[in-house]
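Coordinates from entry-v5.txt are shown below (compact mmCIF, C-alpha atoms).
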```txt
# COMPACT_ATOMS: atom_id res chain seq x y z
CA MET K 1433 1.40 -32.90 4.94
CA LYS K 1434 -1.36 -35.16 6.27
CA THR K 1435 -3.04 -34.00 9.45
CA ILE K 1436 -6.22 -34.74 11.36
CA TYR K 1437 -7.61 -31.47 10.01
CA ASP K 1438 -7.58 -32.54 6.35
CA THR K 1439 -11.28 -33.38 6.27
CA LEU K 1440 -12.30 -29.97 7.56
CA SER K 1441 -13.32 -27.06 5.36
CA ILE K 1442 -12.23 -23.53 6.25
CA ARG K 1443 -15.47 -23.08 8.19
CA GLY K 1444 -14.82 -26.45 9.83
CA ARG K 1445 -11.33 -25.33 10.84
CA VAL K 1446 -12.70 -22.10 12.29
CA THR K 1447 -15.17 -24.26 14.20
CA TYR K 1448 -12.43 -26.44 15.62
CA ALA K 1449 -10.42 -23.37 16.64
CA ILE K 1450 -13.46 -21.96 18.46
CA MET K 1451 -13.97 -25.29 20.23
CA CYS K 1452 -10.34 -25.12 21.37
CA PHE K 1453 -10.81 -21.53 22.56
CA GLU K 1454 -13.82 -22.61 24.61
CA ARG K 1455 -11.89 -25.40 26.28
CA TYR K 1456 -8.97 -23.07 27.00
CA VAL K 1457 -11.07 -20.37 28.70
CA THR K 1458 -13.21 -22.92 30.54
CA PHE K 1459 -10.02 -24.36 31.98
CA LYS K 1460 -8.18 -21.08 32.62
CA TYR K 1461 -11.08 -18.83 33.59
CA PRO K 1462 -13.75 -21.09 35.10
CA ASP K 1463 -15.37 -18.18 36.94
CA LYS K 1464 -15.67 -15.89 33.94
CA ASP K 1465 -18.63 -15.94 31.56
CA MET K 1466 -17.04 -15.92 28.11
CA SER K 1467 -20.30 -16.48 26.26
CA ALA K 1468 -20.28 -13.02 24.64
CA VAL K 1469 -16.84 -13.74 23.19
CA ALA K 1470 -17.90 -17.18 21.99
CA GLU K 1471 -21.04 -15.75 20.43
CA MET K 1472 -18.98 -13.33 18.32
CA MET K 1473 -16.81 -16.22 17.20
CA TRP K 1474 -19.71 -18.48 16.20
CA LYS K 1475 -21.19 -15.69 14.10
CA ILE K 1476 -18.18 -15.93 11.80
CA ILE K 1477 -19.39 -19.21 10.33
CA ASP K 1478 -23.18 -19.02 10.59
CA ASN K 1479 -23.79 -16.82 7.51
CA SER K 1480 -25.61 -14.13 9.50
CA ASP K 1481 -23.30 -11.64 7.76
CA TYR K 1482 -20.51 -11.71 5.18
CA ILE K 1483 -17.63 -13.68 6.61
CA ASP K 1484 -15.25 -10.69 6.46
CA ASN K 1485 -17.71 -8.42 8.27
CA SER K 1486 -18.19 -11.01 11.02
CA ALA K 1487 -14.44 -11.54 11.30
CA TYR K 1488 -13.70 -7.79 11.42
CA ARG K 1489 -16.32 -7.34 14.14
CA TYR K 1490 -14.76 -10.17 16.16
CA MET K 1491 -11.25 -8.84 15.48
CA GLU K 1492 -12.00 -5.78 17.59
CA ILE K 1493 -12.16 -7.87 20.77
CA ILE K 1494 -8.90 -9.75 20.21
CA PRO K 1495 -6.88 -8.45 23.18
CA GLU K 1496 -3.99 -7.00 21.16
CA TYR K 1497 -6.48 -4.83 19.26
CA LEU K 1498 -8.98 -4.31 22.08
CA PHE K 1499 -6.31 -2.86 24.33
CA GLU K 1500 -4.29 -1.17 21.59
CA ALA K 1501 -5.53 2.31 22.50
CA ASN K 1502 -6.20 3.61 25.99
CA ASP K 1503 -9.87 4.40 25.59
CA PHE K 1504 -12.89 3.78 23.41
CA THR K 1505 -12.79 7.06 21.52
CA SER K 1506 -9.19 6.79 20.41
CA SER K 1507 -9.70 3.13 19.45
CA GLU K 1508 -11.90 4.20 16.52
CA PHE K 1509 -13.69 0.88 16.33
CA ASP K 1510 -15.87 0.22 13.32
CA TYR K 1511 -18.21 -2.27 14.95
CA ILE K 1512 -18.27 -2.57 18.73
CA THR K 1513 -20.10 -0.03 20.86
CA GLU K 1514 -18.74 1.79 23.89
CA LYS K 1515 -20.87 -0.43 26.10
CA GLU K 1516 -19.34 -3.53 24.51
CA TYR K 1517 -15.86 -2.01 24.82
CA VAL K 1518 -16.33 -1.50 28.55
CA TYR K 1519 -17.68 -5.03 28.92
CA PHE K 1520 -14.93 -6.78 26.97
CA THR K 1521 -12.05 -4.78 28.47
CA ALA K 1522 -13.30 -5.83 31.90
CA LEU K 1523 -13.71 -9.45 30.83
CA LEU K 1524 -10.61 -10.21 28.79
CA PRO K 1525 -6.99 -10.10 29.99
CA LYS K 1526 -4.53 -7.76 28.34
CA PRO K 1527 -2.39 -9.50 25.70
CA ASP K 1528 0.73 -9.56 27.86
CA ASP K 1529 -1.23 -11.00 30.78
CA ASP K 1530 -2.24 -14.06 28.75
CA LYS K 1531 -0.28 -14.33 25.53
CA ASP K 1532 -1.69 -17.76 24.76
CA LEU K 1533 -5.28 -16.51 24.89
CA ASN K 1534 -4.37 -13.64 22.60
CA THR K 1535 -2.70 -16.08 20.20
CA ILE K 1536 -5.67 -18.46 20.15
CA MET K 1537 -8.13 -15.64 19.58
CA HIS K 1538 -5.96 -14.19 16.82
CA LEU K 1539 -5.61 -17.56 15.11
CA VAL K 1540 -9.41 -17.96 14.99
CA TYR K 1541 -9.46 -14.73 13.00
CA ASP K 1542 -6.47 -15.79 10.88
CA ILE K 1543 -8.09 -19.04 9.83
CA ALA K 1544 -11.31 -17.27 8.83
CA MET K 1545 -9.49 -14.59 6.86
CA GLU K 1546 -6.55 -16.52 5.37
CA TYR K 1547 -8.37 -16.99 2.06
CA ALA K 1548 -10.76 -14.08 2.20
CA TYR K 1549 -10.49 -12.17 -1.08
CA THR K 1550 -8.90 -15.12 -2.88
CA ALA K 1551 -9.47 -18.79 -3.68
CA VAL K 1552 -8.86 -21.44 -1.04
CA GLU K 1553 -5.73 -23.34 -2.00
CA LEU K 1554 -5.94 -27.08 -2.21
CA ASP K 1555 -5.08 -28.38 1.27
CA ALA K 1556 -5.15 -24.85 2.78
CA SER K 1557 -1.96 -25.73 4.59
CA GLU K 1558 -1.53 -22.40 6.38
CA THR K 1559 -4.75 -22.92 8.29
CA LYS K 1560 -3.63 -26.38 9.37
CA GLU K 1561 -0.49 -24.83 10.83
CA TYR K 1562 -2.65 -22.36 12.73
CA LEU K 1563 -4.65 -25.24 14.22
CA GLN K 1564 -1.47 -27.06 15.14
CA GLU K 1565 -0.30 -23.95 16.99
CA ILE K 1566 -3.56 -23.82 18.93
CA SER K 1567 -3.28 -27.52 19.72
CA ARG K 1568 0.25 -27.03 21.02
CA ILE K 1569 -0.97 -24.36 23.43
CA LEU K 1570 -3.75 -26.57 24.79
CA LYS K 1571 -1.47 -29.58 25.10
CA ALA K 1572 1.13 -27.52 26.98
CA ASP K 1573 -1.56 -26.75 29.56
CA HIS K 1574 -2.76 -30.38 29.57
CA ILE K 1575 -6.16 -29.32 28.25
CA THR K 1576 -8.06 -32.07 26.45
CA LEU K 1577 -8.51 -31.29 22.79
CA PRO K 1578 -12.06 -31.31 21.38
CA GLU K 1579 -13.28 -34.12 19.13
CA ILE K 1580 -13.26 -33.39 15.41
CA GLY K 1581 -15.91 -35.99 14.60
CA ASP K 1582 -18.98 -33.79 15.02
CA ILE K 1583 -17.81 -31.07 12.64
CA PRO K 1584 -19.26 -31.16 9.10
CA LYS K 1585 -16.79 -32.69 6.68
CA TYR K 1586 -14.98 -31.21 3.72
CA GLU K 1587 -17.00 -30.82 0.53
CA TRP K 1588 -14.48 -29.21 -1.80
CA ASP K 1589 -16.50 -29.31 -5.01
CA ASP K 1590 -19.61 -27.74 -3.50
CA THR K 1591 -17.94 -24.84 -1.77
CA HIS K 1592 -14.40 -24.53 -3.12
CA GLY K 1593 -12.98 -25.42 0.26
CA TRP K 1594 -15.03 -23.06 2.42
CA GLY K 1595 -17.67 -25.55 3.54
CA GLN K 1596 -21.33 -24.71 3.88
CA PRO K 1597 -22.28 -22.06 6.44
CA PHE K 1598 -23.80 -23.66 9.52
CA ASP K 1599 -24.79 -22.84 13.05
CA GLY K 1600 -22.06 -24.46 15.10
CA ARG K 1601 -23.41 -23.39 18.45
CA TYR K 1602 -24.59 -26.95 19.12
CA LEU K 1603 -20.88 -27.78 19.48
CA SER K 1604 -20.33 -25.06 22.07
CA ILE K 1605 -19.62 -25.94 25.69
CA ILE K 1606 -20.12 -22.30 26.72
CA LEU K 1607 -23.36 -21.35 24.98
CA LYS K 1608 -25.69 -23.74 26.76
CA MET B 1358 -2.20 8.06 1.63
CA SER B 1359 -4.75 9.87 -0.50
CA LYS B 1360 -6.54 8.01 -3.23
CA SER B 1361 -4.73 9.95 -5.94
CA ASP B 1362 -1.42 8.80 -4.51
CA SER B 1363 -2.43 5.22 -5.12
CA HIS B 1364 -2.30 5.61 -8.91
CA GLN B 1365 0.91 5.14 -10.79
CA PHE B 1366 1.21 5.46 -14.50
CA THR B 1367 3.78 3.97 -16.79
CA GLY B 1368 4.51 3.83 -20.47
CA THR B 1369 2.67 5.48 -23.27
CA LYS B 1370 2.81 3.48 -26.45
CA GLY B 1371 4.27 0.50 -28.28
CA GLN B 1372 7.25 -1.17 -26.73
CA LYS B 1373 6.78 0.38 -23.30
CA ILE B 1374 3.27 -1.00 -23.12
CA GLU B 1375 4.45 -4.42 -24.26
CA GLN B 1376 7.01 -4.40 -21.46
CA GLY B 1377 4.57 -3.02 -18.92
CA MET B 1378 1.98 -5.73 -19.37
CA LYS B 1379 4.39 -8.57 -18.61
CA PRO B 1380 3.22 -10.34 -15.45
CA GLU B 1381 6.60 -10.18 -13.74
CA ASN B 1382 6.66 -6.41 -14.29
CA LEU B 1383 3.13 -6.00 -12.93
CA LYS B 1384 4.02 -8.08 -9.90
CA ARG B 1385 7.15 -6.04 -9.21
CA GLN B 1386 5.27 -2.74 -9.37
CA LEU B 1387 2.40 -4.11 -7.31
CA VAL B 1388 4.70 -5.34 -4.54
CA SER B 1389 6.42 -1.96 -4.54
CA TRP B 1390 3.05 -0.21 -4.26
CA ALA B 1391 1.84 -2.49 -1.46
CA GLU B 1392 5.05 -2.02 0.52
CA GLU B 1393 4.73 1.72 0.10
CA VAL B 1394 1.14 1.65 1.34
CA VAL B 1395 2.32 -0.12 4.48
CA SER B 1396 5.33 2.14 5.03
CA ARG B 1397 3.33 5.32 4.46
CA MET B 1398 0.52 4.47 6.84
CA PRO B 1399 0.21 7.41 9.21
CA ALA B 1400 1.30 6.88 12.79
CA ASN B 1401 -2.26 7.30 14.00
CA VAL B 1402 -3.50 4.32 11.97
CA SER B 1403 -4.07 1.48 14.40
CA LYS B 1404 -2.37 -1.89 14.10
CA ARG B 1405 -5.85 -3.34 13.75
CA GLN B 1406 -6.50 -1.25 10.64
CA SER B 1407 -3.09 -1.90 9.13
CA ASP B 1408 -3.37 -5.65 9.79
CA LYS B 1409 -6.54 -5.72 7.68
CA PHE B 1410 -4.52 -4.99 4.54
CA ASN B 1411 -3.91 -8.47 3.13
CA THR B 1412 -4.48 -8.32 -0.64
CA ALA B 1413 -3.42 -5.98 -3.46
CA CYS B 1414 -4.35 -5.98 -7.12
CA VAL B 1415 -3.22 -4.02 -10.16
CA VAL B 1416 -5.16 -3.41 -13.35
CA PHE B 1417 -3.07 -2.77 -16.44
CA ASP B 1418 -4.79 -0.91 -19.27
CA GLU B 1419 -3.23 -2.33 -22.38
CA LEU B 1420 -4.33 0.66 -24.47
CA THR B 1421 -2.63 3.37 -22.43
CA GLY B 1422 -0.24 1.47 -20.18
CA LYS B 1423 -1.83 3.02 -17.10
CA LEU B 1424 -1.84 1.09 -13.85
CA TYR B 1425 -4.61 1.14 -11.24
CA PHE B 1426 -3.77 -0.21 -7.82
CA GLY B 1427 -6.35 -1.58 -5.41
CA ARG B 1428 -6.50 -3.12 -1.97
CA ASN B 1429 -8.99 -5.19 -0.03
CA GLY B 1430 -11.54 -2.91 1.55
CA GLY B 1431 -10.35 -0.10 -0.71
CA ILE B 1432 -13.74 0.93 -2.00
CA ASP B 1433 -15.29 1.19 1.43
CA LYS B 1434 -12.20 2.61 3.05
CA PHE B 1435 -11.86 5.61 0.78
CA GLY B 1436 -15.57 6.17 0.23
CA ASP B 1437 -15.40 5.53 -3.50
CA THR B 1438 -18.55 5.28 -5.49
CA ILE B 1439 -18.97 1.90 -7.07
CA HIS B 1440 -19.07 2.36 -10.84
CA PRO B 1441 -22.51 1.39 -12.21
CA THR B 1442 -20.96 -1.18 -14.57
CA LEU B 1443 -19.20 -2.83 -11.66
CA LYS B 1444 -22.32 -2.72 -9.53
CA ALA B 1445 -24.26 -4.44 -12.32
CA ILE B 1446 -21.94 -7.43 -12.61
CA LEU B 1447 -21.00 -8.09 -8.97
CA PRO B 1448 -23.18 -10.74 -7.35
CA HIS B 1449 -25.92 -8.99 -5.38
CA LYS B 1450 -25.45 -11.44 -2.56
CA SER B 1451 -22.01 -12.87 -1.87
CA LEU B 1452 -21.71 -16.42 -3.16
CA ASN B 1453 -21.61 -19.03 -0.41
CA GLY B 1454 -21.65 -16.34 2.29
CA LEU B 1455 -18.10 -15.35 1.45
CA PRO B 1456 -16.60 -11.90 1.79
CA THR B 1457 -18.40 -8.79 0.67
CA PRO B 1458 -18.02 -8.69 -3.15
CA TRP B 1459 -16.91 -5.05 -3.32
CA ASN B 1460 -14.30 -5.55 -0.57
CA CYS B 1461 -11.88 -7.45 -2.82
CA ALA B 1462 -8.72 -5.76 -4.08
CA GLU B 1463 -9.80 -6.59 -7.64
CA ALA B 1464 -13.01 -4.60 -7.17
CA ASP B 1465 -11.06 -1.58 -5.92
CA ALA B 1466 -8.58 -1.61 -8.81
CA ILE B 1467 -11.22 -2.35 -11.48
CA ASN B 1468 -13.52 0.31 -10.04
CA GLN B 1469 -10.79 2.93 -10.48
CA ALA B 1470 -10.09 1.77 -14.02
CA LEU B 1471 -13.77 1.89 -14.96
CA HIS B 1472 -14.10 5.41 -13.57
CA ASP B 1473 -11.14 6.35 -15.77
CA GLY B 1474 -12.92 4.99 -18.85
CA VAL B 1475 -11.02 1.71 -19.24
CA GLU B 1476 -13.05 -1.06 -20.85
CA PHE B 1477 -13.01 -4.59 -19.44
CA GLY B 1478 -11.62 -5.95 -22.68
CA HIS B 1479 -8.41 -3.96 -22.20
CA MET B 1480 -7.79 -4.89 -18.57
CA ARG B 1481 -5.10 -7.29 -17.43
CA ILE B 1482 -4.89 -7.95 -13.69
CA TYR B 1483 -2.40 -9.33 -11.18
CA THR B 1484 -3.27 -10.01 -7.52
CA ILE B 1485 -0.91 -10.67 -4.59
CA SER B 1486 -0.88 -11.19 -0.87
CA ALA B 1487 0.06 -8.01 0.99
CA LYS B 1488 0.58 -9.71 4.35
CA PRO B 1489 4.09 -9.20 5.74
CA ASN B 1490 4.82 -12.94 5.90
CA SER B 1491 3.67 -13.64 2.34
CA MET B 1492 4.06 -10.31 0.55
CA GLY B 1493 4.01 -10.79 -3.23
CA LYS B 1494 2.60 -14.30 -3.27
CA ALA B 1495 0.26 -14.62 -6.27
CA LYS B 1496 -3.40 -14.97 -5.33
CA LYS B 1497 -6.22 -16.36 -7.41
CA SER B 1498 -9.43 -14.40 -7.62
CA CYS B 1499 -12.20 -15.44 -5.24
CA GLU B 1500 -15.51 -17.00 -6.22
CA ASN B 1501 -17.29 -13.63 -6.38
CA CYS B 1502 -14.61 -12.04 -8.55
CA THR B 1503 -14.48 -15.09 -10.81
CA TYR B 1504 -18.26 -14.82 -11.27
CA ALA B 1505 -18.03 -11.10 -12.06
CA TYR B 1506 -14.87 -10.72 -14.15
CA LYS B 1507 -14.04 -14.04 -15.82
CA GLY B 1508 -14.76 -13.75 -19.54
CA ARG B 1509 -14.96 -9.98 -19.31
CA ILE B 1510 -11.42 -8.85 -18.62
CA LYS B 1511 -8.61 -9.64 -21.05
CA GLU B 1512 -6.31 -11.55 -18.72
CA ASN B 1513 -6.00 -12.57 -15.09
CA TYR B 1514 -2.37 -13.55 -14.64
CA THR B 1515 -2.92 -15.04 -11.19
CA GLY B 1516 -5.94 -17.17 -12.06
CA TRP B 1517 -9.57 -17.80 -11.14
CA THR B 1518 -11.38 -19.96 -8.63
CA GLU B 1519 -11.95 -23.24 -10.47
```

What does the file become when written as structure tokens?
Amino acid sequence: MKTIYDTLSIRGRVTYAIMCFERYVTFKYPDKDMSAVAEMMWKIIDNSDYIDNSAYRYMEIIPEYLFEANDFTSSEFDYITEKEYVYFTALLPKPDDDKDLNTIMHLVYDIAMEYAYTAVELDASETKEYLQEISRILKADHITLPEIGDIPKYEWDDTHGWGQPFDGRYLSIILK
Amino acid sequence: MSKSDSHQFTGTKGQKIEQGMKPENLKRQLVSWAEEVVSRMPANVSKRQSDKFNTACVVFDELTGKLYFGRNGGIDKFGDTIHPTLKAILPHKSLNGLPTPWNCAEADAINQALHDGVEFGHMRIYTISAKPNSMGKAKKSCENCTYAYKGRIKENYTGWTE
């Protein structure tokens, strides 16, 4: 299946998903500073840590996991601190209060981890479906989708589909 | 589930071992093991922790017929010591910034086999997805595992990164 995402590596697709997240929260929560959330997302692709470690750290603030237990102690987080827990639970809506935000944030994680611990399949079609789901959410809210053009293109032979690590923060509309 | 529960043994000699090493048999037992891991997760395990389980691998020792089951994050999760032989061949830094080399399901299963005295040359492996929506789907080994195990183990039925 040909899509506009074909030229993007896995890291490129994570990038595009983050760009969509930023546009969603900017539109839905213009008065909230989501930069701490965005920062955790951008770390997934910048090679500051192993991609699974970065994704697992970020996973802890996805609303369905962040609010899974009633308090910090019983949450038994591996990465975030109590101070971060207090901050993010005050910042982010509970999953049932904004299901679309929860879905977008989860799909960012899903794209990053779809081929963790295996080889990226040619075409990586599952991750394209995840991006299409995110796009559907933005379109339903009449939110303009980000441009793909600035994202580094697919270099399959060099990186087996993952794409080179890069600092995508220059593409952020939140981290300015 | 305790670590000892994760081992299952089958066959002893001859024909049983021949049967046991067939890829379809390994896959069937691996899927069964992965489903059991999910179903036996204690109630106090968070959804976040259970959702992390996405890959399972089995090592078949063609000399004894023993099976060694592993999962992604298995070595860290259960506090296993990484066998010195495994530590020596895993890339010291993950290739291309990809996942932590010892977090793969292959590393967990191979680590157990090495601790039990199995030599690489007698190992045959099979790796699957353990995610609910793709349980049992064959998975190739990642770049790190391909670097570490290709040419060492006897057979990888689900393939290498090419």

Find the residues in chain B near chain K: any atom within 9 Å counts, using only C-alpha atoms. Write them as a PyMOL selection string. chain B and resi 1403-1405+1409+1411-1412+1429+1451+1453-1458+1460-1463+1484+1496-1502+1517-1519

Could you write out that same residue set with C-alpha atoms as an mmCIF file, in the frame of the given file?
```cif
data_model
loop_
_atom_site.group_PDB
_atom_site.id
_atom_site.type_symbol
_atom_site.label_atom_id
_atom_site.label_comp_id
_atom_site.auth_asym_id
_atom_site.auth_seq_id
_atom_site.Cartn_x
_atom_site.Cartn_y
_atom_site.Cartn_z
ATOM 1 C CA SER B 1403 -4.070 1.480 14.400
ATOM 2 C CA LYS B 1404 -2.370 -1.890 14.100
ATOM 3 C CA ARG B 1405 -5.850 -3.340 13.750
ATOM 4 C CA LYS B 1409 -6.540 -5.720 7.680
ATOM 5 C CA ASN B 1411 -3.910 -8.470 3.130
ATOM 6 C CA THR B 1412 -4.480 -8.320 -0.640
ATOM 7 C CA ASN B 1429 -8.990 -5.190 -0.030
ATOM 8 C CA SER B 1451 -22.010 -12.870 -1.870
ATOM 9 C CA ASN B 1453 -21.610 -19.030 -0.410
ATOM 10 C CA GLY B 1454 -21.650 -16.340 2.290
ATOM 11 C CA LEU B 1455 -18.100 -15.350 1.450
ATOM 12 C CA PRO B 1456 -16.600 -11.900 1.790
ATOM 13 C CA THR B 1457 -18.400 -8.790 0.670
ATOM 14 C CA PRO B 1458 -18.020 -8.690 -3.150
ATOM 15 C CA ASN B 1460 -14.300 -5.550 -0.570
ATOM 16 C CA CYS B 1461 -11.880 -7.450 -2.820
ATOM 17 C CA ALA B 1462 -8.720 -5.760 -4.080
ATOM 18 C CA GLU B 1463 -9.800 -6.590 -7.640
ATOM 19 C CA THR B 1484 -3.270 -10.010 -7.520
ATOM 20 C CA LYS B 1496 -3.400 -14.970 -5.330
ATOM 21 C CA LYS B 1497 -6.220 -16.360 -7.410
ATOM 22 C CA SER B 1498 -9.430 -14.400 -7.620
ATOM 23 C CA CYS B 1499 -12.200 -15.440 -5.240
ATOM 24 C CA GLU B 1500 -15.510 -17.000 -6.220
ATOM 25 C CA ASN B 1501 -17.290 -13.630 -6.380
ATOM 26 C CA CYS B 1502 -14.610 -12.040 -8.550
ATOM 27 C CA TRP B 1517 -9.570 -17.800 -11.140
ATOM 28 C CA THR B 1518 -11.380 -19.960 -8.630
ATOM 29 C CA GLU B 1519 -11.950 -23.240 -10.470
#
```

Between atom CA of B:Tyr1506 and atom CA of K:Arg1443, measure the distance and give it in Å to one decimal. 25.5 Å

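The coordinates place atom CA of K:Lys1531 at 16.5 Å from atom CA of K:Gln1564.
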
Using only C-alpha atoms, which residues sit within 12 Å of B:Arg1385 once same-chain residues fewer than 4 positions away are excluded, as a PyMOL selection string? chain B and resi 1377-1381+1389-1392+1414-1415+1483-1485+1492-1495

Please report the interatomic distance between atom CA of B:His1472 and atom CA of B:Lys1507 in Å with one decimal. 19.6 Å

Write out as a ChimeraX atom specification which residues come within 8 Å of stretch 1444-1461 of chain K when counting all atoms listed in the file, dropping same-chain ones fewer than 3 positions away. /K:1437,1440-1441,1464,1466,1470,1473-1474,1477,1533,1536-1537,1539-1540,1543-1544,1559-1560,1563,1566-1567,1570,1575-1578,1580,1583-1586,1595,1600,1603-1606

Between B:Glu1512, B:Gly1427, B:Phe1410, B:Leu1383, which has the minimum distance to B:Val1395 (counting only C-alpha atoms)?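 Smallest separation from B:Val1395 among the options: B:Phe1410.
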
Nearest to K:Glu1471 by atom-to-atom distance, counting all atoms listed in the file, from K:Pro1527, K:Leu1554, K:Lys1608, K:Tyr1562: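 Going through K:Pro1527, K:Leu1554, K:Lys1608, K:Tyr1562 one by one, the smallest distance to K:Glu1471 is for K:Lys1608.
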
Take stretch 1561-1581 of chain K, model N, CA and C atoms, and hand the result over as a PDB file, in the frame of the given file.
```
ATOM      1  N   GLU K1561      -1.565 -25.239   9.906  1.00  0.00           N
ATOM      2  CA  GLU K1561      -0.490 -24.830  10.830  1.00  0.00           C
ATOM      3  C   GLU K1561      -1.041 -23.989  11.976  1.00  0.00           C
ATOM      4  N   TYR K1562      -2.041 -23.158  11.673  1.00  0.00           N
ATOM      5  CA  TYR K1562      -2.650 -22.360  12.730  1.00  0.00           C
ATOM      6  C   TYR K1562      -3.314 -23.271  13.777  1.00  0.00           C
ATOM      7  N   LEU K1563      -3.993 -24.314  13.284  1.00  0.00           N
ATOM      8  CA  LEU K1563      -4.650 -25.240  14.220  1.00  0.00           C
ATOM      9  C   LEU K1563      -3.619 -26.010  15.037  1.00  0.00           C
ATOM     10  N   GLN K1564      -2.515 -26.351  14.402  1.00  0.00           N
ATOM     11  CA  GLN K1564      -1.470 -27.060  15.140  1.00  0.00           C
ATOM     12  C   GLN K1564      -0.889 -26.176  16.246  1.00  0.00           C
ATOM     13  N   GLU K1565      -0.788 -24.887  15.977  1.00  0.00           N
ATOM     14  CA  GLU K1565      -0.300 -23.950  16.990  1.00  0.00           C
ATOM     15  C   GLU K1565      -1.272 -23.886  18.175  1.00  0.00           C
ATOM     16  N   ILE K1566      -2.561 -23.838  17.854  1.00  0.00           N
ATOM     17  CA  ILE K1566      -3.560 -23.820  18.930  1.00  0.00           C
ATOM     18  C   ILE K1566      -3.486 -25.118  19.740  1.00  0.00           C
ATOM     19  N   SER K1567      -3.356 -26.224  19.027  1.00  0.00           N
ATOM     20  CA  SER K1567      -3.280 -27.520  19.720  1.00  0.00           C
ATOM     21  C   SER K1567      -2.071 -27.578  20.645  1.00  0.00           C
ATOM     22  N   ARG K1568      -0.961 -27.037  20.190  1.00  0.00           N
ATOM     23  CA  ARG K1568       0.250 -27.030  21.020  1.00  0.00           C
ATOM     24  C   ARG K1568       0.018 -26.273  22.332  1.00  0.00           C
ATOM     25  N   ILE K1569      -0.697 -25.150  22.224  1.00  0.00           N
ATOM     26  CA  ILE K1569      -0.970 -24.360  23.430  1.00  0.00           C
ATOM     27  C   ILE K1569      -1.828 -25.162  24.408  1.00  0.00           C
ATOM     28  N   LEU K1570      -2.875 -25.800  23.901  1.00  0.00           N
ATOM     29  CA  LEU K1570      -3.750 -26.570  24.790  1.00  0.00           C
ATOM     30  C   LEU K1570      -2.998 -27.747  25.413  1.00  0.00           C
ATOM     31  N   LYS K1571      -2.214 -28.417  24.588  1.00  0.00           N
ATOM     32  CA  LYS K1571      -1.470 -29.580  25.100  1.00  0.00           C
ATOM     33  C   LYS K1571      -0.473 -29.160  26.180  1.00  0.00           C
ATOM     34  N   ALA K1572       0.153 -28.005  25.991  1.00  0.00           N
ATOM     35  CA  ALA K1572       1.130 -27.520  26.980  1.00  0.00           C
ATOM     36  C   ALA K1572       0.475 -27.286  28.332  1.00  0.00           C
ATOM     37  N   ASP K1573      -0.816 -26.963  28.305  1.00  0.00           N
ATOM     38  CA  ASP K1573      -1.560 -26.750  29.560  1.00  0.00           C
ATOM     39  C   ASP K1573      -2.328 -28.003  29.983  1.00  0.00           C
ATOM     40  N   HIS K1574      -2.086 -29.100  29.285  1.00  0.00           N
ATOM     41  CA  HIS K1574      -2.760 -30.380  29.570  1.00  0.00           C
ATOM     42  C   HIS K1574      -4.279 -30.247  29.479  1.00  0.00           C
ATOM     43  N   ILE K1575      -4.725 -29.474  28.505  1.00  0.00           N
ATOM     44  CA  ILE K1575      -6.160 -29.320  28.250  1.00  0.00           C
ATOM     45  C   ILE K1575      -6.561 -30.315  27.166  1.00  0.00           C
ATOM     46  N   THR K1576      -7.622 -31.064  27.422  1.00  0.00           N
ATOM     47  CA  THR K1576      -8.060 -32.070  26.450  1.00  0.00           C
ATOM     48  C   THR K1576      -8.578 -31.398  25.181  1.00  0.00           C
ATOM     49  N   LEU K1577      -8.081 -31.863  24.060  1.00  0.00           N
ATOM     50  CA  LEU K1577      -8.510 -31.290  22.790  1.00  0.00           C
ATOM     51  C   LEU K1577      -9.930 -31.748  22.455  1.00  0.00           C
ATOM     52  N   PRO K1578     -10.700 -30.903  21.765  1.00  0.00           N
ATOM     53  CA  PRO K1578     -12.060 -31.310  21.380  1.00  0.00           C
ATOM     54  C   PRO K1578     -12.028 -32.401  20.303  1.00  0.00           C
ATOM     55  N   GLU K1579     -13.154 -33.093  20.166  1.00  0.00           N
ATOM     56  CA  GLU K1579     -13.280 -34.120  19.130  1.00  0.00           C
ATOM     57  C   GLU K1579     -13.609 -33.453  17.797  1.00  0.00           C
ATOM     58  N   ILE K1580     -13.005 -33.956  16.740  1.00  0.00           N
ATOM     59  CA  ILE K1580     -13.260 -33.390  15.410  1.00  0.00           C
ATOM     60  C   ILE K1580     -14.521 -33.994  14.792  1.00  0.00           C
ATOM     61  N   GLY K1581     -14.883 -35.173  15.254  1.00  0.00           N
ATOM     62  CA  GLY K1581     -15.910 -35.990  14.600  1.00  0.00           C
ATOM     63  C   GLY K1581     -17.245 -35.314  14.329  1.00  0.00           C
TER      64      GLY K1581
END
```
